[in-house]
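Q: File follows, work.pdb with PDB, C-alpha atoms:
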```
ATOM      1  CA  MET A   4     -21.204 -23.222   6.055  1.00  0.00           C
ATOM      2  CA  ASP A   5     -23.756 -20.526   6.882  1.00  0.00           C
ATOM      3  CA  GLU A   6     -24.043 -17.361   4.806  1.00  0.00           C
ATOM      4  CA  ILE A   7     -22.254 -15.105   7.287  1.00  0.00           C
ATOM      5  CA  THR A   8     -19.298 -17.514   7.488  1.00  0.00           C
ATOM      6  CA  LYS A   9     -19.193 -17.621   3.684  1.00  0.00           C
ATOM      7  CA  LEU A  10     -19.147 -13.829   3.608  1.00  0.00           C
ATOM      8  CA  MET A  11     -16.345 -13.667   6.187  1.00  0.00           C
ATOM      9  CA  THR A  12     -14.352 -16.283   4.285  1.00  0.00           C
ATOM     10  CA  GLU A  13     -14.675 -14.354   1.022  1.00  0.00           C
ATOM     11  CA  GLN A  14     -13.660 -11.122   2.747  1.00  0.00           C
ATOM     12  CA  LEU A  15     -10.613 -12.856   4.249  1.00  0.00           C
ATOM     13  CA  ARG A  16      -9.662 -14.375   0.895  1.00  0.00           C
ATOM     14  CA  ASP A  17      -9.986 -10.972  -0.740  1.00  0.00           C
ATOM     15  CA  ALA A  18      -7.732  -9.419   1.925  1.00  0.00           C
ATOM     16  CA  TYR A  19      -5.231 -12.257   1.500  1.00  0.00           C
ATOM     17  CA  SER A  20      -5.048 -11.607  -2.245  1.00  0.00           C
ATOM     18  CA  ALA A  21      -4.771  -7.858  -1.627  1.00  0.00           C
ATOM     19  CA  GLU A  22      -1.867  -8.313   0.773  1.00  0.00           C
ATOM     20  CA  LYS A  23      -0.026 -10.657  -1.595  1.00  0.00           C
ATOM     21  CA  GLN A  24      -0.446  -8.177  -4.452  1.00  0.00           C
ATOM     22  CA  ALA A  25       0.676  -5.330  -2.197  1.00  0.00           C
ATOM     23  CA  LEU A  26       3.820  -7.245  -1.245  1.00  0.00           C
ATOM     24  CA  ARG A  27       4.837  -7.625  -4.878  1.00  0.00           C
ATOM     25  CA  ALA A  28       4.063  -3.976  -5.621  1.00  0.00           C
ATOM     26  CA  MET A  29       5.960  -2.693  -2.581  1.00  0.00           C
ATOM     27  CA  ALA A  30       9.077  -4.589  -3.632  1.00  0.00           C
ATOM     28  CA  ARG A  31       8.934  -2.820  -7.018  1.00  0.00           C
ATOM     29  CA  LEU A  32       8.204   0.579  -5.466  1.00  0.00           C
ATOM     30  CA  GLN A  33      11.062   0.271  -3.027  1.00  0.00           C
ATOM     31  CA  LYS A  34      13.496  -0.019  -5.950  1.00  0.00           C
ATOM     32  CA  LYS A  35      12.076   3.129  -7.552  1.00  0.00           C
ATOM     33  CA  ALA A  36      12.267   5.290  -4.409  1.00  0.00           C
ATOM     34  CA  SER A  37      15.134   7.760  -4.216  1.00  0.00           C
ATOM     35  CA  SER A  38      14.632   8.749  -0.564  1.00  0.00           C
ATOM     36  CA  GLN A  39      16.387   6.411   1.860  1.00  0.00           C
ATOM     37  CA  SER A  40      13.701   7.183   4.438  1.00  0.00           C
ATOM     38  CA  LEU A  41      11.029   6.073   1.987  1.00  0.00           C
ATOM     39  CA  ARG A  42      12.934   2.903   1.076  1.00  0.00           C
ATOM     40  CA  ASP A  43      13.260   2.125   4.804  1.00  0.00           C
ATOM     41  CA  ALA A  44       9.542   2.768   5.385  1.00  0.00           C
ATOM     42  CA  VAL A  45       8.604   0.483   2.498  1.00  0.00           C
ATOM     43  CA  GLN A  46      10.909  -2.254   3.820  1.00  0.00           C
ATOM     44  CA  MET A  47       9.351  -1.934   7.272  1.00  0.00           C
ATOM     45  CA  HIS A  48       5.907  -2.338   5.743  1.00  0.00           C
ATOM     46  CA  ILE A  49       7.007  -5.290   3.615  1.00  0.00           C
ATOM     47  CA  ASP A  50       8.149  -7.035   6.801  1.00  0.00           C
ATOM     48  CA  GLN A  51       4.912  -6.096   8.540  1.00  0.00           C
ATOM     49  CA  THR A  52       2.796  -7.264   5.603  1.00  0.00           C
ATOM     50  CA  GLU A  53       4.445 -10.683   5.649  1.00  0.00           C
ATOM     51  CA  THR A  54       3.221 -11.037   9.247  1.00  0.00           C
ATOM     52  CA  GLN A  55      -0.221  -9.791   8.210  1.00  0.00           C
ATOM     53  CA  VAL A  56      -0.396 -12.502   5.544  1.00  0.00           C
ATOM     54  CA  GLU A  57       0.357 -15.075   8.250  1.00  0.00           C
ATOM     55  CA  ARG A  58      -2.442 -13.601  10.374  1.00  0.00           C
ATOM     56  CA  LEU A  59      -4.845 -13.905   7.458  1.00  0.00           C
ATOM     57  CA  GLU A  60      -3.862 -17.546   7.020  1.00  0.00           C
ATOM     58  CA  LYS A  61      -4.625 -18.072  10.715  1.00  0.00           C
ATOM     59  CA  ALA A  62      -7.934 -16.178  10.371  1.00  0.00           C
ATOM     60  CA  LEU A  63      -8.937 -18.344   7.423  1.00  0.00           C
ATOM     61  CA  GLU A  64      -8.027 -21.432   9.411  1.00  0.00           C
ATOM     62  CA  MET A  65     -10.257 -20.174  12.235  1.00  0.00           C
ATOM     63  CA  THR A  66     -13.177 -20.089   9.785  1.00  0.00           C
ATOM     64  CA  GLY A  67     -12.297 -23.516   8.409  1.00  0.00           C
ATOM     65  CA  ALA A  68     -11.079 -22.175   5.073  1.00  0.00           C
ATOM     66  CA  ARG A  69      -7.934 -21.729   2.998  1.00  0.00           C
ATOM     67  CA  PRO A  70      -6.775 -18.725   0.948  1.00  0.00           C
ATOM     68  CA  GLY A  71      -8.031 -20.135  -2.356  1.00  0.00           C
ATOM     69  CA  ARG A  72      -7.486 -18.483  -5.713  1.00  0.00           C
ATOM     70  CA  LYS A  73      -9.583 -15.348  -5.278  1.00  0.00           C
ATOM     71  CA  VAL A  74      -8.074 -12.235  -6.853  1.00  0.00           C
ATOM     72  CA  CYS A  75      -8.743  -8.903  -5.188  1.00  0.00           C
ATOM     73  CA  GLU A  76      -9.780  -6.755  -8.133  1.00  0.00           C
ATOM     74  CA  GLY A  77      -9.831  -3.589  -6.019  1.00  0.00           C
ATOM     75  CA  MET A  78      -6.171  -3.927  -5.098  1.00  0.00           C
ATOM     76  CA  ARG A  79      -5.315  -4.861  -8.669  1.00  0.00           C
ATOM     77  CA  GLY A  80      -6.853  -1.586  -9.842  1.00  0.00           C
ATOM     78  CA  ILE A  81      -5.113   0.512  -7.196  1.00  0.00           C
ATOM     79  CA  ILE A  82      -1.750  -1.000  -8.111  1.00  0.00           C
ATOM     80  CA  GLU A  83      -2.307  -0.589 -11.849  1.00  0.00           C
ATOM     81  CA  GLU A  84      -3.240   3.052 -11.351  1.00  0.00           C
ATOM     82  CA  ALA A  85      -0.123   3.684  -9.255  1.00  0.00           C
ATOM     83  CA  GLN A  86       2.092   1.980 -11.833  1.00  0.00           C
ATOM     84  CA  GLY A  87       0.606   4.155 -14.570  1.00  0.00           C
ATOM     85  CA  GLU A  88       1.283   7.307 -12.562  1.00  0.00           C
ATOM     86  CA  LEU A  89       4.881   6.231 -11.935  1.00  0.00           C
ATOM     87  CA  GLU A  90       5.510   5.884 -15.666  1.00  0.00           C
ATOM     88  CA  ASP A  91       5.030   9.648 -15.996  1.00  0.00           C
ATOM     89  CA  HIS A  92       7.981  10.457 -13.708  1.00  0.00           C
ATOM     90  CA  ASP A  93      11.678   9.840 -13.449  1.00  0.00           C
ATOM     91  CA  LYS A  94      13.323   8.687 -10.249  1.00  0.00           C
ATOM     92  CA  GLY A  95      13.594  11.527  -7.775  1.00  0.00           C
ATOM     93  CA  PRO A  96      11.580  13.508  -5.223  1.00  0.00           C
ATOM     94  CA  LEU A  97       8.483  13.851  -7.398  1.00  0.00           C
ATOM     95  CA  MET A  98       8.377  10.100  -8.015  1.00  0.00           C
ATOM     96  CA  ASP A  99       8.768   9.578  -4.258  1.00  0.00           C
ATOM     97  CA  THR A 100       5.655  11.716  -3.749  1.00  0.00           C
ATOM     98  CA  VAL A 101       3.783   9.574  -6.291  1.00  0.00           C
ATOM     99  CA  ILE A 102       5.007   6.415  -4.521  1.00  0.00           C
ATOM    100  CA  ILE A 103       3.668   7.648  -1.190  1.00  0.00           C
ATOM    101  CA  ALA A 104       0.343   8.565  -2.813  1.00  0.00           C
ATOM    102  CA  GLY A 105       0.039   5.044  -4.215  1.00  0.00           C
ATOM    103  CA  LEU A 106       1.046   3.435  -0.931  1.00  0.00           C
ATOM    104  CA  GLN A 107      -1.503   5.489   0.966  1.00  0.00           C
ATOM    105  CA  ARG A 108      -4.257   4.447  -1.439  1.00  0.00           C
ATOM    106  CA  VAL A 109      -3.279   0.855  -0.676  1.00  0.00           C
ATOM    107  CA  GLU A 110      -3.353   1.562   3.057  1.00  0.00           C
ATOM    108  CA  HIS A 111      -6.764   3.225   2.909  1.00  0.00           C
ATOM    109  CA  TYR A 112      -8.185   0.273   0.968  1.00  0.00           C
ATOM    110  CA  GLU A 113      -6.744  -2.114   3.545  1.00  0.00           C
ATOM    111  CA  ILE A 114      -8.028  -0.007   6.444  1.00  0.00           C
ATOM    112  CA  ALA A 115     -11.524  -0.245   4.975  1.00  0.00           C
ATOM    113  CA  ALA A 116     -11.226  -4.013   4.506  1.00  0.00           C
ATOM    114  CA  TYR A 117      -9.867  -4.741   7.974  1.00  0.00           C
ATOM    115  CA  GLY A 118     -12.335  -2.377   9.614  1.00  0.00           C
ATOM    116  CA  THR A 119     -15.216  -4.162   7.908  1.00  0.00           C
ATOM    117  CA  MET A 120     -13.916  -7.628   8.746  1.00  0.00           C
ATOM    118  CA  THR A 121     -13.218  -6.707  12.375  1.00  0.00           C
ATOM    119  CA  ALA A 122     -16.735  -5.332  12.820  1.00  0.00           C
ATOM    120  CA  LEU A 123     -18.247  -8.389  11.146  1.00  0.00           C
ATOM    121  CA  ALA A 124     -16.279 -10.781  13.352  1.00  0.00           C
ATOM    122  CA  LYS A 125     -17.352  -8.857  16.468  1.00  0.00           C
ATOM    123  CA  ALA A 126     -20.995  -8.909  15.356  1.00  0.00           C
ATOM    124  CA  CYS A 127     -20.773 -12.685  14.927  1.00  0.00           C
ATOM    125  CA  GLY A 128     -19.348 -13.114  18.421  1.00  0.00           C
ATOM    126  CA  GLN A 129     -15.965 -14.229  17.068  1.00  0.00           C
ATOM    127  CA  GLN A 130     -13.875 -12.090  19.414  1.00  0.00           C
ATOM    128  CA  GLU A 131     -10.607 -13.980  18.848  1.00  0.00           C
ATOM    129  CA  LEU A 132     -10.927 -13.443  15.098  1.00  0.00           C
ATOM    130  CA  ALA A 133     -11.908  -9.789  15.643  1.00  0.00           C
ATOM    131  CA  ASP A 134      -8.846  -9.248  17.830  1.00  0.00           C
ATOM    132  CA  LEU A 135      -6.569 -10.811  15.220  1.00  0.00           C
ATOM    133  CA  LEU A 136      -7.974  -8.579  12.484  1.00  0.00           C
ATOM    134  CA  ALA A 137      -7.939  -5.499  14.729  1.00  0.00           C
ATOM    135  CA  GLU A 138      -4.200  -5.973  15.217  1.00  0.00           C
ATOM    136  CA  THR A 139      -3.652  -5.652  11.475  1.00  0.00           C
ATOM    137  CA  LEU A 140      -6.114  -2.757  11.264  1.00  0.00           C
ATOM    138  CA  ALA A 141      -4.070  -0.842  13.843  1.00  0.00           C
ATOM    139  CA  GLU A 142      -0.856  -1.524  11.907  1.00  0.00           C
ATOM    140  CA  GLU A 143      -2.405  -0.298   8.656  1.00  0.00           C
ATOM    141  CA  LYS A 144      -3.533   2.937  10.319  1.00  0.00           C
ATOM    142  CA  GLU A 145      -0.078   3.405  11.843  1.00  0.00           C
ATOM    143  CA  THR A 146       1.611   2.862   8.480  1.00  0.00           C
ATOM    144  CA  ASP A 147      -0.694   5.407   6.852  1.00  0.00           C
ATOM    145  CA  GLU A 148       0.209   7.944   9.540  1.00  0.00           C
ATOM    146  CA  LYS A 149       3.941   7.274   9.121  1.00  0.00           C
ATOM    147  CA  LEU A 150       3.634   7.752   5.369  1.00  0.00           C
ATOM    148  CA  SER A 151       1.827  11.063   5.941  1.00  0.00           C
ATOM    149  CA  GLN A 152       4.572  12.216   8.299  1.00  0.00           C
ATOM    150  CA  LEU A 153       7.288  11.205   5.836  1.00  0.00           C
ATOM    151  CA  ALA A 154       5.505  13.019   3.018  1.00  0.00           C
ATOM    152  CA  GLU A 155       5.021  16.180   5.050  1.00  0.00           C
ATOM    153  CA  SER A 156       8.468  16.333   6.626  1.00  0.00           C
ATOM    154  CA  GLU A 157      10.723  15.208   3.790  1.00  0.00           C
ATOM    155  CA  VAL A 158       9.321  13.946   0.511  1.00  0.00           C
ATOM    156  CA  ASN A 159       6.810  16.649  -0.441  1.00  0.00           C
ATOM    157  CA  PRO A 160       9.167  19.540   0.431  1.00  0.00           C
ATOM    158  CA  ALA A 161      11.888  17.953  -1.725  1.00  0.00           C
ATOM    159  CA  ALA A 162       9.425  17.491  -4.614  1.00  0.00           C
ATOM    160  CA  ILE A 163       8.236  21.086  -4.300  1.00  0.00           C
ATOM    161  CA  GLN A 164      11.809  22.366  -4.283  1.00  0.00           C
ATOM    162  CA  GLU A 165      12.605  20.306  -7.352  1.00  0.00           C
ATOM    163  CA  GLY A 166       9.412  21.459  -9.074  1.00  0.00           C
ATOM    164  CA  ARG A 167      10.186  25.101  -8.357  1.00  0.00           C
ATOM    165  CA  GLY A 168      13.602  24.883  -9.856  1.00  0.00           C
ATOM    166  CA  GLY A 169      15.706  23.443  -7.046  1.00  0.00           C
ATOM    167  CA  GLU A 170      17.654  21.818  -9.862  1.00  0.00           C
ATOM    168  CA  PRO A 171      19.670  23.894 -12.331  1.00  0.00           C
ATOM    169  CA  ALA A 172      17.143  25.832 -14.393  1.00  0.00           C
ATOM    170  CA  ASN A 173      19.217  25.763 -17.578  1.00  0.00           C
ATOM    171  CA  ASP A 174      19.618  21.983 -17.677  1.00  0.00           C
ATOM    172  CA  PRO A 175      17.648  20.874 -20.751  1.00  0.00           C
ATOM    173  CA  THR A 176      17.458  17.170 -19.899  1.00  0.00           C
ATOM    174  CA  PRO A 177      13.940  15.787 -19.337  1.00  0.00           C
ATOM    175  CA  GLU A 178      14.966  14.389 -15.949  1.00  0.00           C
ATOM    176  CA  ARG A 179      15.555  17.932 -14.688  1.00  0.00           C
ATOM    177  CA  ARG A 180      12.226  19.165 -16.049  1.00  0.00           C
ATOM    178  CA  GLY A 181      10.337  16.448 -14.141  1.00  0.00           C
ATOM    179  CA  GLY A 182       8.979  14.784 -17.293  1.00  0.00           C
ATOM    180  CA  LYS A 183       9.510  11.476 -18.965  1.00  0.00           C
ATOM    181  CA  ARG A 184      12.839  10.780 -20.598  1.00  0.00           C
ATOM    182  CA  GLY A 185      12.624  11.827 -24.162  1.00  0.00           C
ATOM    183  CA  ALA A 186       9.420  13.808 -23.626  1.00  0.00           C
ATOM    184  CA  ALA A 187       9.047  17.093 -25.431  1.00  0.00           C
ATOM    185  CA  ALA A 188       9.399  20.214 -23.320  1.00  0.00           C
TER     186      ALA A 188
END
```
How does the structure come out when it is put into structure tokens?

A:
Amino acid sequence: MDEITKLMTEQLRDAYSAEKQALRAMARLQKKASSQSLRDAVQMHIDQTETQVERLEKALEMTGARPGRKVCEGMRGIIEEAQGELEDHDKGPLMDTVIIAGLQRVEHYEIAAYGTMTALAKACGQQELADLLAETLAEEKETDEKLSQLAESEVNPAAIQEGRGGEPANDPTPERRGGKRGAAA
């Protein structure tokens, strides 16, 4: 295996690990979302990601490789950061905003990975592989745009309303103040 094929294989394995980690994280995030639109968007992307994993398996096969046991440390860090941010919020509009922020970080990481792999495949004259990866790249960009639209049209306005007192101002419970349960005011 030449060096460029090794590089492509490692990039594909990294993306495979990233997608598998993202699938697990999205399933958890979907349960935490309060907005039905956000839950639906996450489910749509879960379904899409399952197809993307299949594409990566095909791409690896095209390079004569298998997924292997590589762990994408970048995705691990993005997911850990998002989970930490979620712990600071109760279920509701503000948490939905945090969920979208985490999902978009995932999307931007994936856009970078698929853009790099597509360009590398093209440079190596592997047009079929480039086309396969470009299909996923387009989906990742589309998902990012849909998340932005959802944030702008529904989720962020609801979080802002809640943060500005859209909930009863005299309710002393931490959930209404936007903090952790049991947190001091």

Q: If the PyMOL selection byres ((chain A and resi 46) around 12) were run on this exact file, what residues would it hold? Put them as a compact mmCIF listing (two decimals) with C-alpha atoms, keeping the file's coordinate frame.

A:
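Below is the file that was written, part20.txt:
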```txt
# COMPACT_ATOMS: atom_id res chain seq x y z
CA LEU A 26 3.82 -7.24 -1.25
CA ARG A 27 4.84 -7.62 -4.88
CA ALA A 28 4.06 -3.98 -5.62
CA MET A 29 5.96 -2.69 -2.58
CA ALA A 30 9.08 -4.59 -3.63
CA ARG A 31 8.93 -2.82 -7.02
CA LEU A 32 8.20 0.58 -5.47
CA GLN A 33 11.06 0.27 -3.03
CA LYS A 34 13.50 -0.02 -5.95
CA ALA A 36 12.27 5.29 -4.41
CA GLN A 39 16.39 6.41 1.86
CA SER A 40 13.70 7.18 4.44
CA LEU A 41 11.03 6.07 1.99
CA ARG A 42 12.93 2.90 1.08
CA ASP A 43 13.26 2.12 4.80
CA ALA A 44 9.54 2.77 5.38
CA VAL A 45 8.60 0.48 2.50
CA MET A 47 9.35 -1.93 7.27
CA HIS A 48 5.91 -2.34 5.74
CA ILE A 49 7.01 -5.29 3.62
CA ASP A 50 8.15 -7.04 6.80
CA GLN A 51 4.91 -6.10 8.54
CA THR A 52 2.80 -7.26 5.60
CA GLU A 53 4.44 -10.68 5.65
CA THR A 146 1.61 2.86 8.48
```

Q: Any idea what the distance is between CA of Leu136 (chain A) and CA of Ile81 (chain A)?

A: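 That distance, rounded to one decimal, is 21.9 Å.
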
Q: Could you work out how far CA of Gln24 (chain A) lies from CA of Lys125 (chain A), giving the answer in Å with one decimal?

A: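 If I compute the distance from CA of Lys125 (chain A) to CA of Gln24 (chain A), I get 26.9 Å.
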
Q: In Å, how far is it from CA of Gly80 (chain A) to CA of Val101 (chain A)?

A: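 Value for the CA of Gly80 (chain A)-CA of Val101 (chain A) distance: 15.8 Å.
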
Q: Expanded to explicit residues, what is the PyMOL selection byres ((chain A and resi 57) around 12) for this file, as a CSV table (one decimal) with C-alpha atoms, keeping the file's coordinate frame?

A:
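Output file out04.csv is given in full below:
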```
chain,number,residue,atom,x,y,z
A,15,LEU,CA,-10.6,-12.9,4.2
A,18,ALA,CA,-7.7,-9.4,1.9
A,19,TYR,CA,-5.2,-12.3,1.5
A,22,GLU,CA,-1.9,-8.3,0.8
A,23,LYS,CA,0.0,-10.7,-1.6
A,50,ASP,CA,8.1,-7.0,6.8
A,51,GLN,CA,4.9,-6.1,8.5
A,52,THR,CA,2.8,-7.3,5.6
A,53,GLU,CA,4.4,-10.7,5.6
A,54,THR,CA,3.2,-11.0,9.2
A,55,GLN,CA,-0.2,-9.8,8.2
A,56,VAL,CA,-0.4,-12.5,5.5
A,58,ARG,CA,-2.4,-13.6,10.4
A,59,LEU,CA,-4.8,-13.9,7.5
A,60,GLU,CA,-3.9,-17.5,7.0
A,61,LYS,CA,-4.6,-18.1,10.7
A,62,ALA,CA,-7.9,-16.2,10.4
A,63,LEU,CA,-8.9,-18.3,7.4
A,64,GLU,CA,-8.0,-21.4,9.4
A,69,ARG,CA,-7.9,-21.7,3.0
A,70,PRO,CA,-6.8,-18.7,0.9
A,135,LEU,CA,-6.6,-10.8,15.2
A,136,LEU,CA,-8.0,-8.6,12.5
A,139,THR,CA,-3.7,-5.7,11.5
```

Q: I'd like to know which of A:Asp91, A:Glu145, A:Ala124, A:Asn159 is closest to His111 (chain A), using only C-alpha atoms.

A: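 Using only C-alpha atoms, His111 (chain A) sits closest to A:Glu145.
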
Q: Just checking: using only C-alpha atoms, which residue out of A:Leu10, A:Ala104, A:Ala133, A:Ala116 ends up closest to Cys75 (chain A)?

A: A:Ala116

Q: Please evaluate the PyMOL selection byres ((chain A and resi 85) around 9) against the structure above and give the resulting residues as an mmCIF file with C-alpha atoms, in the frame of the given file.

A:
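Generated output (expr_36.cif):
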```cif
data_model
loop_
_atom_site.group_PDB
_atom_site.id
_atom_site.type_symbol
_atom_site.label_atom_id
_atom_site.label_comp_id
_atom_site.auth_asym_id
_atom_site.auth_seq_id
_atom_site.Cartn_x
_atom_site.Cartn_y
_atom_site.Cartn_z
ATOM 1 C CA GLY A 80 -6.853 -1.586 -9.842
ATOM 2 C CA ILE A 81 -5.113 0.512 -7.196
ATOM 3 C CA ILE A 82 -1.750 -1.000 -8.111
ATOM 4 C CA GLU A 83 -2.307 -0.589 -11.849
ATOM 5 C CA GLU A 84 -3.240 3.052 -11.351
ATOM 6 C CA GLN A 86 2.092 1.980 -11.833
ATOM 7 C CA GLY A 87 0.606 4.155 -14.570
ATOM 8 C CA GLU A 88 1.283 7.307 -12.562
ATOM 9 C CA LEU A 89 4.881 6.231 -11.935
ATOM 10 C CA GLU A 90 5.510 5.884 -15.666
ATOM 11 C CA VAL A 101 3.783 9.574 -6.291
ATOM 12 C CA ILE A 102 5.007 6.415 -4.521
ATOM 13 C CA ALA A 104 0.343 8.565 -2.813
ATOM 14 C CA GLY A 105 0.039 5.044 -4.215
ATOM 15 C CA LEU A 106 1.046 3.435 -0.931
ATOM 16 C CA ARG A 108 -4.257 4.447 -1.439
#
```

Q: Between A:Asp134, A:Glu113, A:Asp17, A:Asp93, which is the closest to Glu76 (chain A) once you count all atoms listed in the file?

A: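 Checking each of A:Asp134, A:Glu113, A:Asp17, A:Asp93 against Glu76 (chain A), counting all atoms listed in the file, the winner is A:Asp17.
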
Q: Restricting the calculation to only C-alpha atoms: of A:Ser38, A:Thr12, A:Thr100, A:Ser20, which residue gets closest to Leu123 (chain A)?

A: A:Thr12

Q: Taking all atoms listed in the file into account, which of A:Cys127, A:Ala137, A:Ile114, A:Val109 comes nearest Glu6 (chain A)?

A: A:Cys127

Q: Extract region 104-140 of chain A from the preceding block and save C-alpha atoms as a PDB file, in the first residue's frame.

A:
```pdb
ATOM      1  CA  ALA A 104     -24.612  24.311  18.884  1.00  0.00           C
ATOM      2  CA  GLY A 105     -23.132  20.884  19.608  1.00  0.00           C
ATOM      3  CA  LEU A 106     -24.660  19.346  16.496  1.00  0.00           C
ATOM      4  CA  GLN A 107     -23.300  22.137  14.334  1.00  0.00           C
ATOM      5  CA  ARG A 108     -19.806  21.646  15.751  1.00  0.00           C
ATOM      6  CA  VAL A 109     -20.131  17.999  14.734  1.00  0.00           C
ATOM      7  CA  GLU A 110     -21.303  19.006  11.263  1.00  0.00           C
ATOM      8  CA  HIS A 111     -18.460  21.475  10.768  1.00  0.00           C
ATOM      9  CA  TYR A 112     -15.912  18.839  11.800  1.00  0.00           C
ATOM     10  CA  GLU A 113     -17.464  16.383   9.357  1.00  0.00           C
ATOM     11  CA  ILE A 114     -17.583  18.981   6.578  1.00  0.00           C
ATOM     12  CA  ALA A 115     -13.852  19.532   7.032  1.00  0.00           C
ATOM     13  CA  ALA A 116     -13.147  15.789   6.986  1.00  0.00           C
ATOM     14  CA  TYR A 117     -15.253  15.024   3.923  1.00  0.00           C
ATOM     15  CA  GLY A 118     -13.963  18.072   2.074  1.00  0.00           C
ATOM     16  CA  THR A 119     -10.388  16.956   2.680  1.00  0.00           C
ATOM     17  CA  MET A 120     -11.062  13.352   1.695  1.00  0.00           C
ATOM     18  CA  THR A 121     -12.970  14.358  -1.444  1.00  0.00           C
ATOM     19  CA  ALA A 122     -10.135  16.626  -2.577  1.00  0.00           C
ATOM     20  CA  LEU A 123      -7.557  13.935  -1.837  1.00  0.00           C
ATOM     21  CA  ALA A 124      -9.491  11.306  -3.790  1.00  0.00           C
ATOM     22  CA  LYS A 125      -9.827  13.693  -6.750  1.00  0.00           C
ATOM     23  CA  ALA A 126      -6.104  14.490  -6.647  1.00  0.00           C
ATOM     24  CA  CYS A 127      -5.339  10.763  -6.752  1.00  0.00           C
ATOM     25  CA  GLY A 128      -7.581  10.270  -9.777  1.00  0.00           C
ATOM     26  CA  GLN A 129     -10.086   8.212  -7.773  1.00  0.00           C
ATOM     27  CA  GLN A 130     -13.191   9.926  -9.143  1.00  0.00           C
ATOM     28  CA  GLU A 131     -15.643   7.217  -8.037  1.00  0.00           C
ATOM     29  CA  LEU A 132     -14.379   7.507  -4.464  1.00  0.00           C
ATOM     30  CA  ALA A 133     -14.444  11.323  -4.686  1.00  0.00           C
ATOM     31  CA  ASP A 134     -18.048  11.234  -5.891  1.00  0.00           C
ATOM     32  CA  LEU A 135     -19.059   8.927  -3.046  1.00  0.00           C
ATOM     33  CA  LEU A 136     -17.460  11.213  -0.465  1.00  0.00           C
ATOM     34  CA  ALA A 137     -18.835  14.354  -2.131  1.00  0.00           C
ATOM     35  CA  GLU A 138     -22.348  12.973  -1.693  1.00  0.00           C
ATOM     36  CA  THR A 139     -21.846  12.832   2.066  1.00  0.00           C
ATOM     37  CA  LEU A 140     -20.144  16.237   2.065  1.00  0.00           C
TER      38      LEU A 140
END
```
